[in-house]
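Here's the structure, in structure tokens; my notes come after.
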Amino acid sequence: MKKRILILSILLLVLLNSINANIAFAGFGISPARVYNDQLLPGSHFEQIIYLVQSKPEKNLKTTIEIDAPEIKDWISIDLGPEFTIPAGSQQFPIKVLVDVPIKAEFKNYSGKIWVKTMPVSEQGEQMVTVALGAIISVDLRVSSEMVY
């Protein structure tokens, strides 16, 4: 009787483990993880490409960008706008961060963050109930009077 209970317990354990075998969480990240330039002049323009990377690009991803950089929020924009959709099948999706330094910017260091938030969208276009994935891009800029040749 004890042997039978042991065998049934082992079979139950194997069955439960095989049920959970297909559960996996998709990964999402960015590369590079920061916008950096220490040689900006007042009135200058700077662009940097950031790749939004996902491990399982099976669904369209509604993407929202929020710029959290109080001193320089007006300087920063994204080429695709604050909201866009990453199409299914795109494992690496480039966005361009644009920085336009005002002509009257002070000579100093500026920093902030860019929040990238994603949410899968179903084939019908509505958002699904799921875990939202996202990433943070650090922003480190320096405005100086030094000319670099």
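Chain labels A, B, ... are given in the sequence in which chains occur in the structure tokens; within each chain residues are numbered consecutively from 1, and ligands are likewise numbered from 1 in the order shown.
Every protein, DNA or RNA residue with an atom at most 12 Å from Gln39 in chain A, where only C-alpha atoms count and chain neighbours fewer than 4 positions away do not, is listed here: A:Ser44, A:His45, A:Phe46, A:Val101, A:Phe107, A:Lys108, A:Asn109, A:Asp140, A:Leu141, A:Arg142, A:Val143, A:Ser144, A:Ser145, A:Glu146, A:Met147, A:Val148, A:Tyr149.
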Keeping all heavy atoms for every residue in the selection just given, could you write it to a file as a compact mmCIF listing (two decimals), in the first residue's frame?
# COMPACT_ATOMS: atom_id res chain seq x y z
N SER A 44 22.50 73.28 -30.06
CA SER A 44 22.87 72.08 -30.84
C SER A 44 21.74 71.06 -30.88
O SER A 44 20.78 71.11 -30.10
CB SER A 44 24.15 71.45 -30.28
OG SER A 44 23.95 71.01 -28.96
N HIS A 45 21.86 70.11 -31.81
CA HIS A 45 20.90 69.02 -32.01
C HIS A 45 21.67 67.71 -31.89
O HIS A 45 22.77 67.57 -32.42
CB HIS A 45 20.25 69.14 -33.39
CG HIS A 45 19.35 68.00 -33.72
ND1 HIS A 45 18.06 67.93 -33.27
CD2 HIS A 45 19.56 66.88 -34.46
CE1 HIS A 45 17.50 66.81 -33.73
NE2 HIS A 45 18.40 66.16 -34.44
N PHE A 46 21.09 66.74 -31.20
CA PHE A 46 21.73 65.45 -30.98
C PHE A 46 20.69 64.36 -31.15
O PHE A 46 19.54 64.51 -30.73
CB PHE A 46 22.33 65.42 -29.56
CG PHE A 46 22.80 64.08 -29.09
CD1 PHE A 46 23.88 63.45 -29.68
CD2 PHE A 46 22.16 63.45 -28.03
CE1 PHE A 46 24.31 62.21 -29.23
CE2 PHE A 46 22.59 62.22 -27.57
CZ PHE A 46 23.68 61.60 -28.17
N VAL A 101 18.96 71.33 -27.84
CA VAL A 101 19.39 72.19 -26.74
C VAL A 101 19.03 73.64 -27.08
O VAL A 101 19.40 74.13 -28.16
CB VAL A 101 20.91 72.06 -26.51
CG1 VAL A 101 21.36 72.93 -25.35
CG2 VAL A 101 21.30 70.60 -26.29
N PHE A 107 25.41 76.33 -18.99
CA PHE A 107 26.51 75.38 -19.04
C PHE A 107 26.49 74.57 -17.76
O PHE A 107 26.86 75.06 -16.69
CB PHE A 107 27.86 76.09 -19.18
CG PHE A 107 28.01 76.89 -20.44
CD1 PHE A 107 28.51 78.18 -20.40
CD2 PHE A 107 27.64 76.38 -21.67
CE1 PHE A 107 28.65 78.93 -21.56
CE2 PHE A 107 27.76 77.12 -22.83
CZ PHE A 107 28.27 78.40 -22.78
N LYS A 108 26.02 73.32 -17.84
CA LYS A 108 26.00 72.43 -16.68
C LYS A 108 25.55 71.04 -17.10
O LYS A 108 25.23 70.80 -18.27
CB LYS A 108 25.09 72.97 -15.58
CG LYS A 108 23.61 73.02 -15.90
CD LYS A 108 22.84 73.56 -14.69
CE LYS A 108 21.38 73.23 -14.77
NZ LYS A 108 20.64 73.58 -13.57
N ASN A 109 25.52 70.12 -16.14
CA ASN A 109 25.07 68.75 -16.37
C ASN A 109 23.56 68.67 -16.16
O ASN A 109 23.02 69.30 -15.25
CB ASN A 109 25.77 67.78 -15.42
CG ASN A 109 27.25 67.68 -15.69
OD1 ASN A 109 27.70 67.80 -16.82
ND2 ASN A 109 28.02 67.47 -14.64
N ASP A 140 21.79 61.48 -19.53
CA ASP A 140 22.90 62.24 -18.95
C ASP A 140 23.48 63.14 -20.04
O ASP A 140 24.10 62.66 -20.99
CB ASP A 140 23.98 61.30 -18.41
CG ASP A 140 23.50 60.46 -17.25
OD1 ASP A 140 23.08 61.07 -16.25
OD2 ASP A 140 23.53 59.22 -17.35
N LEU A 141 23.25 64.45 -19.89
CA LEU A 141 23.72 65.42 -20.88
C LEU A 141 24.53 66.51 -20.19
O LEU A 141 24.28 66.83 -19.03
CB LEU A 141 22.51 66.06 -21.59
CG LEU A 141 21.50 65.11 -22.24
CD1 LEU A 141 20.30 65.89 -22.74
CD2 LEU A 141 22.15 64.33 -23.37
N ARG A 142 25.48 67.04 -20.93
CA ARG A 142 26.26 68.18 -20.40
C ARG A 142 26.35 69.22 -21.48
O ARG A 142 26.75 68.94 -22.62
CB ARG A 142 27.67 67.73 -20.00
CG ARG A 142 28.49 68.90 -19.41
CD ARG A 142 29.82 68.41 -18.86
NE ARG A 142 30.74 68.08 -19.92
CZ ARG A 142 31.78 68.85 -20.29
NH1 ARG A 142 32.02 69.99 -19.68
NH2 ARG A 142 32.59 68.47 -21.25
N VAL A 143 25.96 70.43 -21.13
CA VAL A 143 26.08 71.57 -22.05
C VAL A 143 27.32 72.33 -21.62
O VAL A 143 27.48 72.68 -20.45
CB VAL A 143 24.83 72.48 -21.99
CG1 VAL A 143 25.00 73.69 -22.89
CG2 VAL A 143 23.58 71.69 -22.38
N SER A 144 28.21 72.55 -22.57
CA SER A 144 29.45 73.24 -22.26
C SER A 144 29.83 74.15 -23.42
O SER A 144 29.26 74.08 -24.50
CB SER A 144 30.55 72.23 -21.94
OG SER A 144 31.44 72.04 -22.98
N SER A 145 30.82 74.98 -23.17
CA SER A 145 31.29 75.88 -24.22
C SER A 145 32.49 75.30 -24.98
O SER A 145 33.02 75.94 -25.87
CB SER A 145 31.69 77.23 -23.59
OG SER A 145 32.74 77.03 -22.66
N GLU A 146 32.87 74.07 -24.64
CA GLU A 146 34.03 73.44 -25.28
C GLU A 146 33.68 72.97 -26.69
O GLU A 146 32.73 72.23 -26.87
CB GLU A 146 34.50 72.24 -24.44
CG GLU A 146 34.95 72.61 -23.05
CD GLU A 146 35.21 71.36 -22.19
OE1 GLU A 146 35.40 70.28 -22.76
OE2 GLU A 146 35.22 71.52 -20.97
N MET A 147 34.46 73.39 -27.65
CA MET A 147 34.27 72.94 -29.03
C MET A 147 35.10 71.70 -29.26
O MET A 147 36.27 71.65 -28.89
CB MET A 147 34.72 74.04 -30.03
CG MET A 147 33.89 75.31 -29.94
SD MET A 147 32.27 75.11 -30.67
CE MET A 147 32.67 75.13 -32.38
N VAL A 148 34.50 70.66 -29.84
CA VAL A 148 35.21 69.42 -30.13
C VAL A 148 35.32 69.30 -31.64
O VAL A 148 34.35 69.41 -32.37
CB VAL A 148 34.44 68.20 -29.55
CG1 VAL A 148 35.15 66.92 -29.89
CG2 VAL A 148 34.28 68.36 -28.04
N TYR A 149 36.53 69.07 -32.11
CA TYR A 149 36.76 68.96 -33.55
C TYR A 149 37.08 67.55 -33.94
O TYR A 149 37.61 66.78 -33.27
CB TYR A 149 37.90 69.88 -33.98
CG TYR A 149 37.60 71.33 -33.69
CD1 TYR A 149 38.10 71.95 -32.54
CD2 TYR A 149 36.81 72.06 -34.53
CE1 TYR A 149 37.82 73.26 -32.28
CE2 TYR A 149 36.52 73.40 -34.27
CZ TYR A 149 37.04 73.99 -33.12
OH TYR A 149 36.76 75.30 -32.87
Residues of range 61-104 of chain A in strand (DSSP E), written as an NGL selection string = :A and (61-68 or 76-78 or 83-86 or 92-100)
Go ahead and dump the residues you just picked, N, CA and C atoms, as a compact mmCIF listing (two decimals), in the first residue's frame.
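File written: selection-v5.txt
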# COMPACT_ATOMS: atom_id res chain seq x y z
N LEU A 61 2.77 45.37 -29.67
CA LEU A 61 2.94 45.99 -28.36
C LEU A 61 2.62 47.47 -28.45
N LYS A 62 1.59 47.91 -27.74
CA LYS A 62 1.32 49.35 -27.62
C LYS A 62 2.40 49.90 -26.70
N THR A 63 3.11 50.91 -27.15
CA THR A 63 4.24 51.45 -26.40
C THR A 63 3.98 52.91 -26.07
N THR A 64 4.22 53.25 -24.82
CA THR A 64 4.06 54.62 -24.34
C THR A 64 5.39 55.10 -23.78
N ILE A 65 5.78 56.31 -24.18
CA ILE A 65 7.03 56.91 -23.71
C ILE A 65 6.69 58.08 -22.79
N GLU A 66 7.31 58.10 -21.62
CA GLU A 66 7.16 59.22 -20.69
C GLU A 66 8.54 59.77 -20.35
N ILE A 67 8.70 61.06 -20.52
CA ILE A 67 9.99 61.71 -20.24
C ILE A 67 9.93 62.32 -18.85
N ASP A 68 10.80 61.84 -17.96
CA ASP A 68 10.87 62.30 -16.58
C ASP A 68 12.21 63.02 -16.39
N ILE A 76 13.72 67.08 -25.22
CA ILE A 76 13.76 65.67 -25.63
C ILE A 76 12.46 65.28 -26.32
N SER A 77 12.60 64.55 -27.43
CA SER A 77 11.43 63.98 -28.10
C SER A 77 11.82 62.63 -28.71
N ILE A 78 10.82 61.88 -29.11
CA ILE A 78 11.03 60.58 -29.75
C ILE A 78 10.52 60.70 -31.17
N GLU A 83 3.45 57.77 -28.28
CA GLU A 83 2.77 56.48 -28.34
C GLU A 83 2.90 55.90 -29.73
N PHE A 84 3.20 54.61 -29.79
CA PHE A 84 3.32 53.91 -31.07
C PHE A 84 3.16 52.42 -30.80
N THR A 85 3.04 51.64 -31.86
CA THR A 85 2.89 50.19 -31.74
C THR A 85 4.10 49.50 -32.35
N ILE A 86 4.68 48.60 -31.59
CA ILE A 86 5.75 47.74 -32.11
C ILE A 86 5.05 46.53 -32.72
N GLN A 92 13.90 43.39 -32.47
CA GLN A 92 14.63 44.62 -32.17
C GLN A 92 13.96 45.76 -32.93
N PHE A 93 13.46 46.74 -32.18
CA PHE A 93 12.72 47.84 -32.78
C PHE A 93 13.43 49.15 -32.45
N PRO A 94 13.96 49.86 -33.46
CA PRO A 94 14.70 51.10 -33.17
C PRO A 94 13.78 52.30 -32.99
N ILE A 95 14.13 53.12 -32.01
CA ILE A 95 13.52 54.44 -31.86
C ILE A 95 14.66 55.45 -31.81
N LYS A 96 14.37 56.66 -32.21
CA LYS A 96 15.39 57.70 -32.20
C LYS A 96 15.03 58.74 -31.14
N VAL A 97 15.95 58.96 -30.20
CA VAL A 97 15.77 60.00 -29.19
C VAL A 97 16.41 61.27 -29.75
N LEU A 98 15.62 62.34 -29.80
CA LEU A 98 16.08 63.61 -30.36
C LEU A 98 16.26 64.61 -29.22
N VAL A 99 17.39 65.29 -29.21
CA VAL A 99 17.67 66.30 -28.19
C VAL A 99 17.97 67.61 -28.90
N ASP A 100 17.20 68.65 -28.59
CA ASP A 100 17.42 69.99 -29.14
C ASP A 100 17.70 70.93 -27.97
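Among A:Ser138, A:Ser111, A:Asn37, A:Ser90, the residue with the shortest atom-to-atom distance to Glu58 in chain A, counting only C-alpha atoms, is A:Ser90.
Among the candidates A:Leu41, A:Leu80, A:Val35, A:Ile72, the one nearest to Tyr110 in chain A when counting only C-alpha atoms is A:Ile72.
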Would you mind listing what lies within 8 Å of Ala69 in chain A as a CSV table (one decimal) with N, CA, C and O atoms, in the first residue's frame, with only C-alpha atoms counted and same-chain residues fewer than 6 positions away left out?
chain,number,residue,atom,x,y,z
A,111,SER,N,20.2,65.7,-16.2
A,111,SER,CA,19.9,64.3,-16.2
A,111,SER,C,18.4,64.1,-16.0
A,111,SER,O,17.6,65.0,-15.7
A,112,GLY,N,18.0,62.8,-16.3
A,112,GLY,CA,16.6,62.5,-16.2
A,112,GLY,C,16.4,61.0,-16.6
A,112,GLY,O,17.4,60.3,-16.8
A,113,LYS,N,15.2,60.6,-16.8
A,113,LYS,CA,14.9,59.3,-17.2
A,113,LYS,C,13.8,59.3,-18.3
A,113,LYS,O,12.9,60.2,-18.3
A,114,ILE,N,13.8,58.3,-19.2
A,114,ILE,CA,12.8,58.1,-20.1
A,114,ILE,C,12.2,56.7,-19.8
A,114,ILE,O,12.9,55.7,-19.9
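We find CA of Ile50 in chain A and CA of Trp115 in chain A to be spaced 12.5 Å apart.
Proximity of A:Ala88, A:Met119, A:Ala135, A:Ala105 to Ile30 in chain A, computed with only C-alpha atoms, is greatest for A:Ala135.
Distance check against Lys56 in chain A using only C-alpha atoms: of A:Thr118, A:Gly134, A:Gly89, A:Pro102, the minimum falls on A:Gly89.
Note that CA of Lys59 in chain A and CA of Ile136 in chain A are 21.4 Å apart.
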Mind giving me the straight-line distance from CA of Gln91 in chain A to CA of Ser55 in chain A in Å, one decimal?
-> 6.5 Å
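The residue that comes closest to Val116 in chain A, out of A:Leu133, A:Asn60, A:Asp79, A:Lys104 and on the basis of only C-alpha atoms, is A:Leu133.
For the choices A:Phe28, A:Ile103, A:Pro42, A:Tyr51, the atom-to-atom distance to Pro120 in chain A is smallest for A:Phe28 when using only C-alpha atoms.
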